[in-house]
Amino acid sequence: MNSEATRGLALDFASQIAPAGCIDIRRFFGGSAVVRNGAQFGFVMKGTLYLRVDAAMRAEFEADGSEPFSYRAAGREVTVHRYYAVPAHVIDDPALLHSYAERALHATSTPGHRLADTLQAATTSD
C-alpha cells in the first residue's frame with residue numbers, strides 16, 4: 001500500500017472516529033499517524049489501523065486475536081506492545097470504533113495533555 005493510499009485510509013478512519021478537523025493525519029515512517037491535540041493515539045501502517053492500548057484494552061484486543069504492532073529492524077523482529085491492530089468487528093461498528101479511539105486517546109494522555117479533550121461523536125441533523 002503506497003503512502004497516498006495509507007493516508008486515504010487514515011483519513012477514512014478519522015472521519016469515522018470524529019467530526020472533520022478534530023483529528024490530524026501526519027506522516028509516520030511508512031504510514032500515517034492519527035493525532036488529537038498533539039497526542040498520537042493511533043496509526044495506519046500497511047492497511048491496518050493500530051490504536052494505543054492500556055492494560056484493559058490490550059487484554060480485550062488479545063482476546064479478539066489482535067496482534068501488537070511489529071516490524072523488522074537490524075535483522076530482528078521488534079514488537080511494540082503499546083499499539084495493537086484494531087479488530088475487524090470494531091472497525092465495522094462506528095460507535096465501537098469511536099469508543100475504542102476515545103479509550104486510546106486516554107491511554108495516550110500525558111501530563112501535558114488534558115483528558116477533557118476527548119473525541120466528540122459526529123452528529124447529523126435530520
# chains A, B, ... in the order shown; residues from 1 in each chain; ligands from 1
>>> residues_around(residues="stretch 28-41 of chain A", least_positions_apart="2", cutoff="8 Å", atoms="only C-alpha atoms", output="ChimeraX atom specification")
/A:3,6-7,10,14,22-26,43-46,51-52,101,104-105,107-109,113,117
>>> select_by_dssp(residues="chain A", states="strand (DSSP E)", output="PyMOL selection string")
chain A and resi 24-28+31-36+39-45+48-52+68-73+76-85
>>> write_last_selection(atoms="N, CA and C atoms", output="JSON list (two decimals), in the first residue's frame")
[["chain", "number", "residue", "atom", "x", "y", "z"],
["A", 24, "ASP", "N", -5.85, 15.06, 13.36],
["A", 24, "ASP", "CA", -4.83, 15.34, 12.36],
["A", 24, "ASP", "C", -4.24, 14.02, 11.87],
["A", 25, "ILE", "N", -3.95, 13.96, 10.59],
["A", 25, "ILE", "CA", -3.26, 12.82, 10.00],
["A", 25, "ILE", "C", -1.89, 13.32, 9.58],
["A", 26, "ARG", "N", -0.86, 12.67, 10.10],
["A", 26, "ARG", "CA", 0.52, 13.10, 9.82],
["A", 26, "ARG", "C", 1.32, 11.93, 9.28],
["A", 27, "ARG", "N", 2.37, 12.24, 8.52],
["A", 27, "ARG", "CA", 3.26, 11.19, 8.05],
["A", 27, "ARG", "C", 3.93, 10.54, 9.24],
["A", 28, "PHE", "N", 4.06, 9.22, 9.15],
["A", 28, "PHE", "CA", 4.63, 8.45, 10.26],
["A", 28, "PHE", "C", 5.38, 7.28, 9.66],
["A", 31, "GLY", "N", 3.78, 5.05, 7.18],
["A", 31, "GLY", "CA", 2.33, 5.08, 7.34],
["A", 31, "GLY", "C", 1.83, 6.47, 7.67],
["A", 32, "SER", "N", 0.70, 6.51, 8.38],
["A", 32, "SER", "CA", 0.09, 7.77, 8.77],
["A", 32, "SER", "C", -0.30, 7.72, 10.24],
["A", 33, "ALA", "N", 0.11, 8.75, 10.99],
["A", 33, "ALA", "CA", -0.24, 8.86, 12.41],
["A", 33, "ALA", "C", -1.61, 9.48, 12.56],
["A", 34, "VAL", "N", -2.35, 9.05, 13.57],
["A", 34, "VAL", "CA", -3.66, 9.60, 13.92],
["A", 34, "VAL", "C", -3.44, 10.38, 15.23],
["A", 35, "VAL", "N", -3.65, 11.70, 15.16],
["A", 35, "VAL", "CA", -3.24, 12.60, 16.24],
["A", 35, "VAL", "C", -4.40, 13.50, 16.66],
["A", 36, "ARG", "N", -4.54, 13.70, 17.96],
["A", 36, "ARG", "CA", -5.54, 14.64, 18.51],
["A", 36, "ARG", "C", -4.84, 15.50, 19.54],
["A", 39, "ALA", "N", -1.38, 14.56, 20.60],
["A", 39, "ALA", "CA", -1.16, 13.22, 21.13],
["A", 39, "ALA", "C", -1.46, 12.17, 20.05],
["A", 40, "GLN", "N", -0.46, 11.38, 19.70],
["A", 40, "GLN", "CA", -0.66, 10.32, 18.72],
["A", 40, "GLN", "C", -1.28, 9.12, 19.44],
["A", 41, "PHE", "N", -2.52, 8.80, 19.07],
["A", 41, "PHE", "CA", -3.19, 7.69, 19.72],
["A", 41, "PHE", "C", -3.40, 6.51, 18.78],
["A", 42, "GLY", "N", -2.93, 6.63, 17.56],
["A", 42, "GLY", "CA", -3.04, 5.53, 16.62],
["A", 42, "GLY", "C", -2.26, 5.82, 15.36],
["A", 43, "PHE", "N", -2.22, 4.82, 14.49],
["A", 43, "PHE", "CA", -1.60, 4.99, 13.19],
["A", 43, "PHE", "C", -2.09, 3.91, 12.25],
["A", 44, "VAL", "N", -1.92, 4.18, 10.97],
["A", 44, "VAL", "CA", -2.24, 3.20, 9.93],
["A", 44, "VAL", "C", -0.93, 2.82, 9.27],
["A", 45, "MET", "N", -0.70, 1.52, 9.21],
["A", 45, "MET", "CA", 0.52, 1.01, 8.61],
["A", 45, "MET", "C", 0.15, -0.23, 7.80],
["A", 48, "THR", "N", -3.50, -1.42, 8.01],
["A", 48, "THR", "CA", -4.03, -1.81, 9.31],
["A", 48, "THR", "C", -4.05, -0.60, 10.24],
["A", 49, "LEU", "N", -5.17, -0.42, 10.95],
["A", 49, "LEU", "CA", -5.28, 0.62, 11.97],
["A", 49, "LEU", "C", -4.81, 0.04, 13.30],
["A", 50, "TYR", "N", -3.87, 0.73, 13.92],
["A", 50, "TYR", "CA", -3.36, 0.36, 15.25],
["A", 50, "TYR", "C", -3.75, 1.47, 16.20],
["A", 51, "LEU", "N", -4.19, 1.10, 17.40],
["A", 51, "LEU", "CA", -4.51, 2.08, 18.44],
["A", 51, "LEU", "C", -3.64, 1.85, 19.66],
["A", 52, "ARG", "N", -3.35, 2.94, 20.34],
["A", 52, "ARG", "CA", -2.63, 2.88, 21.61],
["A", 52, "ARG", "C", -3.51, 2.16, 22.61],
["A", 68, "PRO", "N", 0.03, -7.14, 18.48],
["A", 68, "PRO", "CA", 0.68, -5.84, 18.63],
["A", 68, "PRO", "C", 1.43, -5.49, 17.33],
["A", 69, "PHE", "N", 1.70, -4.21, 17.16],
["A", 69, "PHE", "CA", 2.46, -3.76, 16.00],
["A", 69, "PHE", "C", 3.87, -4.34, 16.10],
["A", 70, "SER", "N", 4.38, -4.80, 14.97],
["A", 70, "SER", "CA", 5.76, -5.29, 14.95],
["A", 70, "SER", "C", 6.39, -4.95, 13.60],
["A", 71, "TYR", "N", 7.70, -4.91, 13.60],
["A", 71, "TYR", "CA", 8.45, -4.63, 12.37],
["A", 71, "TYR", "C", 9.83, -5.25, 12.50],
["A", 72, "ARG", "N", 10.51, -5.37, 11.37],
["A", 72, "ARG", "CA", 11.86, -5.92, 11.36],
["A", 72, "ARG", "C", 12.87, -4.77, 11.30],
["A", 73, "ALA", "N", 13.87, -4.86, 12.13],
["A", 73, "ALA", "CA", 14.94, -3.86, 12.13],
["A", 73, "ALA", "C", 16.25, -4.54, 12.53],
["A", 76, "ARG", "N", 16.18, -8.29, 13.16],
["A", 76, "ARG", "CA", 15.38, -8.89, 14.24],
["A", 76, "ARG", "C", 13.97, -8.31, 14.25],
["A", 77, "GLU", "N", 13.07, -9.04, 14.84],
["A", 77, "GLU", "CA", 11.67, -8.61, 14.95],
["A", 77, "GLU", "C", 11.51, -7.74, 16.20],
["A", 78, "VAL", "N", 10.94, -6.55, 16.03],
["A", 78, "VAL", "CA", 10.67, -5.64, 17.13],
["A", 78, "VAL", "C", 9.16, -5.57, 17.32],
["A", 79, "THR", "N", 8.70, -5.79, 18.54],
["A", 79, "THR", "CA", 7.27, -5.76, 18.85],
["A", 79, "THR", "C", 6.99, -4.56, 19.75],
["A", 80, "VAL", "N", 5.98, -3.79, 19.36],
["A", 80, "VAL", "CA", 5.60, -2.59, 20.11],
["A", 80, "VAL", "C", 4.27, -2.89, 20.80],
["A", 81, "HIS", "N", 4.32, -3.20, 22.09],
["A", 81, "HIS", "CA", 3.13, -3.62, 22.83],
["A", 81, "HIS", "C", 2.20, -2.47, 23.21],
["A", 82, "ARG", "N", 2.58, -1.25, 22.89],
["A", 82, "ARG", "CA", 1.70, -0.10, 23.18],
["A", 82, "ARG", "C", 0.63, 0.10, 22.12],
["A", 83, "TYR", "N", 0.82, -0.51, 20.95],
["A", 83, "TYR", "CA", -0.13, -0.36, 19.85],
["A", 83, "TYR", "C", -0.57, -1.73, 19.34],
["A", 84, "TYR", "N", -1.89, -1.92, 19.24],
["A", 84, "TYR", "CA", -2.45, -3.18, 18.75],
["A", 84, "TYR", "C", -3.33, -2.92, 17.54],
["A", 85, "ALA", "N", -3.38, -3.92, 16.65],
["A", 85, "ALA", "CA", -4.27, -3.85, 15.49],
["A", 85, "ALA", "C", -5.71, -3.86, 15.98]]
>>> select_by_dssp(residues="chain A", states="helix (DSSP H, G or I)", output="JSON, numbers by chain")
{"A": [3, 4, 5, 6, 7, 8, 9, 10, 11, 12, 13, 14, 15, 16, 17, 55, 56, 57, 58, 59, 60, 61, 62, 63, 88, 89, 90, 91, 94, 95, 96, 97, 98, 99, 100, 101, 102, 103, 104, 105, 106, 107, 108]}
>>> atom_distance(atom1="atom CA of A:Val90", atom2="atom CA of A:Glu4")
23.8 Å
>>> closest_atom_pairs(of="stretch 5-43 of chain A", to="stretch 95-99 of chain A", cutoff="9 Å", atoms="only C-alpha atoms", output="JSON lines")
{"residue": "A:Phe13", "atom": "CA", "partner": "A:Leu97", "partner_atom": "CA", "distance": 8.8}
{"residue": "A:Gln16", "atom": "CA", "partner": "A:His98", "partner_atom": "CA", "distance": 7.2}
{"residue": "A:Ile17", "atom": "CA", "partner": "A:His98", "partner_atom": "CA", "distance": 4.7}
{"residue": "A:Ala18", "atom": "CA", "partner": "A:His98", "partner_atom": "CA", "distance": 7.3}
>>> atom_distance(atom1="atom CA of A:Leu9", atom2="atom CA of A:Ala74")
28.7 Å
>>> atom_distance(atom1="atom CA of A:Pro87", atom2="atom CA of A:Glu67")
9.2 Å
